[in-house]
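Student: The structure under discussion is supplied below as structure tokens; questions concerning it will follow.
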Amino acid sequence: MIQFLRPIGVLLWKDILLEIRSRELIVSLLVFGLVVVVVFNFALNSTPKLVTAVTPGILWVAFAFAGVLAMNRAFVREKEEGGLDGLLLSPISRDSIFLGKAAASFIFMLMVEAVLLPIFAGLLNFSPASLELLLTIVLATLGFAIVGTLFSAISVQTRSREILLPVLFFPVILPVLVGAVESTKQALGGETLVGLDHWLPLLGAFDALFLVICPWIFSMVVEE
Amino acid sequence: MVAPSSVIGTFPIETPTSGEAIVVRGLEKSFGEWPVLWNLDLTVKWGEMVALFGANGVGKTTLLRILSTQSKPDAGTVQVAGFNPRRNSQAIRRRVGVVAHQTFLYEDLTCRENLIHYSRLFGLEDPRKRADAALLTLGLANRADSRVRTLSNGMQRRLSIARAILHSPQILILDEPVTGLDRESIASLQSLLKGWTDAGLSVIMTTHDLDLGLSWAHRAAVLSRGRIQFPGSDEYMDGAQVRRRVASALEPGS
């Protein structure tokens, strides 16, 4: 087990170190997220009822598109100087490579969401301190990171990767996105964990499914 | 650069197993409808350095990628360090060091951080010591804390070689390793590779520099029309004869 987890930790630390050095990903995601929330805030400023109804949608539009920005970069660095070949030449499993990259994307997205959520909450007037909401965000973000990492690995091998990634990503991630919006809607409406017994298990089930399928597809994608 | 004994001595390598370092029989590889390698045979012995020549696009890099498990053959058998890449690719990756056209380095990490990263991926003990030993071997100890993006191309190339020897591999697979290196670095690389083969380890290297390849290697091989010829393998031939034969094999249409 340690043999399997060690390279995941090594890859995760490398990506964190690179991000600390360059700060290119976190900053661009934050700027994008802030622009989305400010624009929607001005568009919907006068009717609190409407704001409550559309908050889950706004939240997940911002998170999902910020996620695509993050995924676009996930394998670009690896590809630029042949880092992916360097990883593939190391005596570690393809699964470890995939999970290491997905873990890094997951953490970067969570960091951005942790900053954006209180700002969203302040501007759109809802309480972010809800276990149900936080659980929804964690589960949906995990699904985003897993699927996004796979399609990032596929699209980075093409010239039109910026276009190809969202085209591939959104249709597959749609069930997670719908689940996240519905679950957020109920969480903001005051539902407890018991009341979310449909959506949270669904998000968890999709995560588990993606966690099995995506590393397997990745290992085929990177083989020549 | 100094001889590899500093790396090999400090971190003992696994003694090569019996048999040959590389054995390839009937290898075939195509990209779509385009056959690149067909019915290719190759043997590299332990302690031997083979220089692989060939025109652009004949499949030298493809062959090296297959030997290093980066690419799968369509047909034929391949054994590297006694292992079949289809069944034991991780065992092979642990025993080969690869220098390719790209450096496999992260520009925003320092030289030492890059090597520590790869040491950890290889599960090596004491990654920092490993990294420092490799940096010393390649004459980059004074740039250990410099980010890779601040290094010249030649220095990045040397760091790439340091990355390849980090885990004390049994076989070095080098794709045009002298590109971008200055005279002094080339001489140091030659001494490093000589130390490598003297220690019973093997090297296969592609190059377009006929003089360099012939003076460094024990055997010269020419890849042409998907197959390998050894035009200079007759032990009774002198250097000039070998050179003429290899040059002739490299002629277009030969």
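Going through the structure tokens in order, the chains are called A, B, and so on, while each chain numbers its residues from 1 and the ligands are numbered from 1 in the order shown.
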Write out as a VMD selection string every residue belonging to chain A that has an atom at most 10 Å from any atom of chain B, counting only C-alpha atoms.

Tutor: chain A and resid 3 6 to 11 13 to 14 17 to 22 77 to 93 222 to 224

Student: I need the alpha helix (DSSP H) residues of region 77-204 of chain A per DSSP on the backbone, written as a PyMOL selection string.

Tutor: chain A and resi 77-80+83-88+94-124+131-155+161-188+199-204

Student: Deliver the residues from the most recent selection as a file, using C-alpha atoms, as an mmCIF file, in the first residue's frame.

Tutor:
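Generated file (selection-v4.cif):
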```cif
data_model
loop_
_atom_site.group_PDB
_atom_site.id
_atom_site.type_symbol
_atom_site.label_atom_id
_atom_site.label_comp_id
_atom_site.auth_asym_id
_atom_site.auth_seq_id
_atom_site.Cartn_x
_atom_site.Cartn_y
_atom_site.Cartn_z
ATOM 1 C CA ARG A 77 3.483 21.514 -17.398
ATOM 2 C CA GLU A 78 4.142 17.802 -17.700
ATOM 3 C CA LYS A 79 3.982 17.984 -21.465
ATOM 4 C CA GLU A 80 6.074 21.118 -21.939
ATOM 5 C CA GLY A 83 7.797 15.699 -17.586
ATOM 6 C CA LEU A 84 5.066 13.197 -18.432
ATOM 7 C CA ASP A 85 7.634 10.997 -20.179
ATOM 8 C CA GLY A 86 9.812 11.394 -17.103
ATOM 9 C CA LEU A 87 6.964 10.125 -14.953
ATOM 10 C CA LEU A 88 6.209 7.277 -17.355
ATOM 11 C CA ARG A 94 0.143 4.566 -14.192
ATOM 12 C CA ASP A 95 -2.583 4.591 -11.521
ATOM 13 C CA SER A 96 -0.228 6.372 -9.122
ATOM 14 C CA ILE A 97 0.578 9.013 -11.738
ATOM 15 C CA PHE A 98 -3.107 9.584 -12.409
ATOM 16 C CA LEU A 99 -4.081 9.732 -8.754
ATOM 17 C CA GLY A 100 -1.174 12.047 -7.920
ATOM 18 C CA LYS A 101 -2.255 14.498 -10.612
ATOM 19 C CA ALA A 102 -5.925 14.196 -9.634
ATOM 20 C CA ALA A 103 -5.067 14.783 -5.956
ATOM 21 C CA ALA A 104 -3.190 17.969 -6.885
ATOM 22 C CA SER A 105 -6.124 19.242 -8.989
ATOM 23 C CA PHE A 106 -8.532 18.371 -6.165
ATOM 24 C CA ILE A 107 -6.519 20.323 -3.604
ATOM 25 C CA PHE A 108 -6.044 23.357 -5.888
ATOM 26 C CA MET A 109 -9.773 23.477 -6.628
ATOM 27 C CA LEU A 110 -10.660 23.125 -2.940
ATOM 28 C CA MET A 111 -8.271 25.954 -2.072
ATOM 29 C CA VAL A 112 -9.897 28.247 -4.624
ATOM 30 C CA GLU A 113 -13.383 27.221 -3.468
ATOM 31 C CA ALA A 114 -12.406 27.868 0.164
ATOM 32 C CA VAL A 115 -11.584 31.452 -0.773
ATOM 33 C CA LEU A 116 -14.530 31.989 -3.126
ATOM 34 C CA LEU A 117 -17.241 30.446 -0.949
ATOM 35 C CA PRO A 118 -17.186 33.067 1.848
ATOM 36 C CA ILE A 119 -17.096 35.841 -0.762
ATOM 37 C CA PHE A 120 -20.069 34.262 -2.571
ATOM 38 C CA ALA A 121 -21.846 33.878 0.749
ATOM 39 C CA GLY A 122 -21.250 37.518 1.679
ATOM 40 C CA LEU A 123 -22.346 38.921 -1.666
ATOM 41 C CA LEU A 124 -25.273 36.550 -2.259
ATOM 42 C CA LEU A 131 -21.939 20.578 6.829
ATOM 43 C CA GLU A 132 -24.313 19.568 4.028
ATOM 44 C CA LEU A 133 -23.010 22.296 1.728
ATOM 45 C CA LEU A 134 -19.353 21.550 2.519
ATOM 46 C CA LEU A 135 -19.853 17.831 1.943
ATOM 47 C CA THR A 136 -21.540 18.571 -1.383
ATOM 48 C CA ILE A 137 -18.624 20.760 -2.451
ATOM 49 C CA VAL A 138 -16.003 18.194 -1.446
ATOM 50 C CA LEU A 139 -17.746 15.287 -3.218
ATOM 51 C CA ALA A 140 -18.517 17.238 -6.393
ATOM 52 C CA THR A 141 -15.021 18.707 -6.545
ATOM 53 C CA LEU A 142 -13.542 15.225 -6.196
ATOM 54 C CA GLY A 143 -15.586 14.086 -9.204
ATOM 55 C CA PHE A 144 -14.486 17.163 -11.163
ATOM 56 C CA ALA A 145 -10.825 16.525 -10.327
ATOM 57 C CA ILE A 146 -10.919 12.851 -11.316
ATOM 58 C CA VAL A 147 -12.748 13.303 -14.633
ATOM 59 C CA GLY A 148 -10.954 16.555 -15.410
ATOM 60 C CA THR A 149 -7.533 14.980 -14.895
ATOM 61 C CA LEU A 150 -8.369 12.220 -17.355
ATOM 62 C CA PHE A 151 -9.590 14.602 -20.045
ATOM 63 C CA SER A 152 -6.666 16.903 -19.389
ATOM 64 C CA ALA A 153 -4.338 13.986 -20.139
ATOM 65 C CA ILE A 154 -6.269 13.286 -23.344
ATOM 66 C CA SER A 155 -6.619 16.874 -24.554
ATOM 67 C CA ARG A 161 -6.702 21.350 -26.044
ATOM 68 C CA GLU A 162 -8.388 24.497 -24.653
ATOM 69 C CA ILE A 163 -11.438 23.765 -26.824
ATOM 70 C CA LEU A 164 -11.380 20.005 -26.602
ATOM 71 C CA LEU A 165 -11.237 19.774 -22.805
ATOM 72 C CA PRO A 166 -14.602 21.453 -22.017
ATOM 73 C CA VAL A 167 -16.238 19.667 -24.973
ATOM 74 C CA LEU A 168 -15.191 16.297 -23.528
ATOM 75 C CA PHE A 169 -15.448 17.236 -19.863
ATOM 76 C CA PHE A 170 -18.896 18.769 -19.429
ATOM 77 C CA PRO A 171 -21.045 16.004 -20.957
ATOM 78 C CA VAL A 172 -19.358 13.396 -18.730
ATOM 79 C CA ILE A 173 -19.423 15.526 -15.603
ATOM 80 C CA LEU A 174 -23.052 16.607 -16.129
ATOM 81 C CA PRO A 175 -24.528 14.108 -13.600
ATOM 82 C CA VAL A 176 -22.120 15.384 -10.947
ATOM 83 C CA LEU A 177 -22.899 18.990 -11.842
ATOM 84 C CA VAL A 178 -26.661 18.390 -11.649
ATOM 85 C CA GLY A 179 -26.224 16.502 -8.382
ATOM 86 C CA ALA A 180 -24.078 19.295 -6.960
ATOM 87 C CA VAL A 181 -26.601 22.010 -7.911
ATOM 88 C CA GLU A 182 -29.552 20.059 -6.506
ATOM 89 C CA SER A 183 -27.726 19.131 -3.337
ATOM 90 C CA THR A 184 -26.557 22.737 -2.842
ATOM 91 C CA LYS A 185 -30.130 23.961 -3.390
ATOM 92 C CA GLN A 186 -31.416 21.658 -0.675
ATOM 93 C CA ALA A 187 -28.525 22.420 1.686
ATOM 94 C CA LEU A 188 -29.136 26.157 1.332
ATOM 95 C CA TRP A 199 -27.965 13.589 -3.894
ATOM 96 C CA LEU A 200 -24.985 13.041 -1.623
ATOM 97 C CA PRO A 201 -24.926 9.241 -2.132
ATOM 98 C CA LEU A 202 -25.309 9.881 -5.856
ATOM 99 C CA LEU A 203 -22.278 12.187 -5.841
ATOM 100 C CA GLY A 204 -20.345 9.618 -3.799
#
```

Student: Find the residues around Ser185 (chain B) up to 10 Å (only C-alpha atoms counted), leave out those fewer than 4 positions away in its own chain, and share them as a list in words.

Tutor: Met1, Leu138, Gly139, Gly154, Met155, Arg157, Arg158, Val178, Gly180, Leu181, Leu189, Gln190 and Ser191 of chain B

Student: From the DSSP assignment of the backbone, select every residue of region 46-228 of chain B that is strand (DSSP E or B), and format the answer as number ranges by chain.

Tutor: B: 49-53, 75-80, 83, 96-99, 110, 147, 171-175, 202-206, 219-224, 227-228

Student: Just write the chosen residues, N, CA and C atoms, as a short mmCIF file (atom, residue, chain, number, x, y, z; two decimals), in the first residue's frame.

Tutor:
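Saved file result_27.cif follows:
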```cif
data_model
loop_
_atom_site.label_atom_id
_atom_site.label_comp_id
_atom_site.auth_asym_id
_atom_site.auth_seq_id
_atom_site.Cartn_x
_atom_site.Cartn_y
_atom_site.Cartn_z
N MET B 49 29.27 -0.54 -25.34
CA MET B 49 28.57 0.66 -25.79
C MET B 49 28.34 0.55 -27.30
N VAL B 50 27.10 0.71 -27.70
CA VAL B 50 26.75 0.64 -29.12
C VAL B 50 26.31 2.02 -29.58
N ALA B 51 26.94 2.50 -30.65
CA ALA B 51 26.52 3.77 -31.24
C ALA B 51 25.58 3.47 -32.40
N LEU B 52 24.42 4.07 -32.36
CA LEU B 52 23.40 3.80 -33.38
C LEU B 52 23.31 5.00 -34.31
N PHE B 53 23.61 4.77 -35.58
CA PHE B 53 23.54 5.83 -36.57
C PHE B 53 22.33 5.62 -37.46
N ALA B 75 5.19 -6.22 -33.00
CA ALA B 75 5.54 -7.65 -33.07
C ALA B 75 7.00 -7.82 -32.71
N GLY B 76 7.38 -9.04 -32.44
CA GLY B 76 8.77 -9.34 -32.11
C GLY B 76 8.97 -9.45 -30.61
N THR B 77 10.19 -9.87 -30.23
CA THR B 77 10.49 -10.01 -28.81
C THR B 77 11.58 -9.01 -28.40
N VAL B 78 11.42 -8.48 -27.21
CA VAL B 78 12.39 -7.53 -26.67
C VAL B 78 12.73 -7.97 -25.25
N GLN B 79 14.00 -8.00 -24.95
CA GLN B 79 14.44 -8.27 -23.57
C GLN B 79 15.46 -7.20 -23.18
N VAL B 80 15.18 -6.51 -22.08
CA VAL B 80 16.09 -5.48 -21.60
C VAL B 80 16.47 -5.86 -20.16
N PHE B 83 14.57 -8.69 -18.84
CA PHE B 83 13.12 -8.58 -18.60
C PHE B 83 12.38 -8.25 -19.91
N VAL B 96 16.99 1.08 -16.34
CA VAL B 96 17.50 1.89 -17.45
C VAL B 96 17.46 3.37 -17.09
N GLY B 97 18.44 4.09 -17.63
CA GLY B 97 18.46 5.54 -17.50
C GLY B 97 18.34 6.13 -18.89
N VAL B 98 17.47 7.11 -19.07
CA VAL B 98 17.18 7.60 -20.42
C VAL B 98 17.50 9.09 -20.53
N VAL B 99 18.25 9.42 -21.56
CA VAL B 99 18.42 10.84 -21.94
C VAL B 99 17.78 10.99 -23.31
N THR B 110 14.39 23.86 -8.65
CA THR B 110 15.86 23.95 -8.73
C THR B 110 16.41 22.62 -9.23
N ARG B 147 17.26 27.59 -10.23
CA ARG B 147 16.11 27.04 -10.95
C ARG B 147 16.55 26.63 -12.36
N ILE B 171 21.66 0.08 -17.62
CA ILE B 171 21.75 0.36 -19.06
C ILE B 171 21.40 1.83 -19.27
N LEU B 172 22.25 2.53 -20.02
CA LEU B 172 21.94 3.92 -20.37
C LEU B 172 21.45 3.97 -21.80
N ILE B 173 20.32 4.62 -22.01
CA ILE B 173 19.75 4.76 -23.34
C ILE B 173 19.79 6.25 -23.67
N LEU B 174 20.65 6.62 -24.61
CA LEU B 174 20.93 8.04 -24.84
C LEU B 174 20.57 8.43 -26.27
N ASP B 175 19.67 9.37 -26.41
CA ASP B 175 19.25 9.84 -27.73
C ASP B 175 19.94 11.17 -28.01
N SER B 202 25.98 -1.16 -19.61
CA SER B 202 25.86 -1.02 -21.06
C SER B 202 25.28 0.33 -21.45
N VAL B 203 25.61 0.74 -22.67
CA VAL B 203 25.12 2.02 -23.19
C VAL B 203 24.70 1.81 -24.64
N ILE B 204 23.53 2.33 -25.00
CA ILE B 204 23.17 2.42 -26.41
C ILE B 204 22.86 3.88 -26.67
N MET B 205 23.46 4.41 -27.74
CA MET B 205 23.42 5.85 -27.94
C MET B 205 23.21 6.16 -29.42
N THR B 206 22.33 7.09 -29.71
CA THR B 206 22.21 7.54 -31.10
C THR B 206 23.02 8.83 -31.25
N ARG B 219 30.93 -0.81 -30.63
CA ARG B 219 30.37 -1.28 -31.91
C ARG B 219 29.50 -0.20 -32.51
N ALA B 220 29.49 -0.12 -33.84
CA ALA B 220 28.64 0.83 -34.52
C ALA B 220 27.50 0.08 -35.21
N ALA B 221 26.31 0.61 -35.11
CA ALA B 221 25.16 0.00 -35.80
C ALA B 221 24.50 1.08 -36.64
N VAL B 222 23.99 0.67 -37.79
CA VAL B 222 23.31 1.62 -38.66
C VAL B 222 21.87 1.17 -38.83
N LEU B 223 20.94 2.06 -38.55
CA LEU B 223 19.52 1.76 -38.75
C LEU B 223 19.09 2.33 -40.08
N SER B 224 18.63 1.45 -40.95
CA SER B 224 18.25 1.88 -42.28
C SER B 224 17.14 0.97 -42.78
N ARG B 227 15.70 -1.75 -40.44
CA ARG B 227 16.54 -2.82 -39.88
C ARG B 227 17.88 -2.27 -39.44
N ILE B 228 18.60 -3.11 -38.70
CA ILE B 228 19.91 -2.70 -38.22
C ILE B 228 21.00 -3.50 -38.91
#
```

Student: Show which residues sit within 9 Å of Lys29 (chain B), as a PyMOL selection string. Count only C-alpha atoms, and ignore same-chain residues fewer than 2 positions away.

Tutor: chain B and resi 27+31+34-38+62-63+72-75+226

Student: For Ala21 (chain B), which of B:Glu176, B:Asp41, B:Asp182, B:Glu48 is the closest residue, counting only C-alpha atoms?

Tutor: B:Glu48

Student: In Å, with one decimal, what is the gap from CA of Val38 (chain A) to CA of Asn72 (chain A)?

Tutor: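 Calculated distance between CA of Val38 (chain A) and CA of Asn72 (chain A) is 23.7 Å.
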
Student: Just how far from CA of Val221 (chain A) is CA of Glu33 (chain B), in Å to one decimal?

Tutor: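 Going from CA of Glu33 (chain B) over to CA of Val221 (chain A) covers 20.1 Å.
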
Student: In terms of the shortest atom-to-atom distance over only C-alpha atoms, which of A:Asp197, A:Ile58, A:Thr158, A:Phe126 is closest to Asn41 (chain A)?

Tutor: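 Using only C-alpha atoms, Asn41 (chain A) sits closest to A:Ile58.
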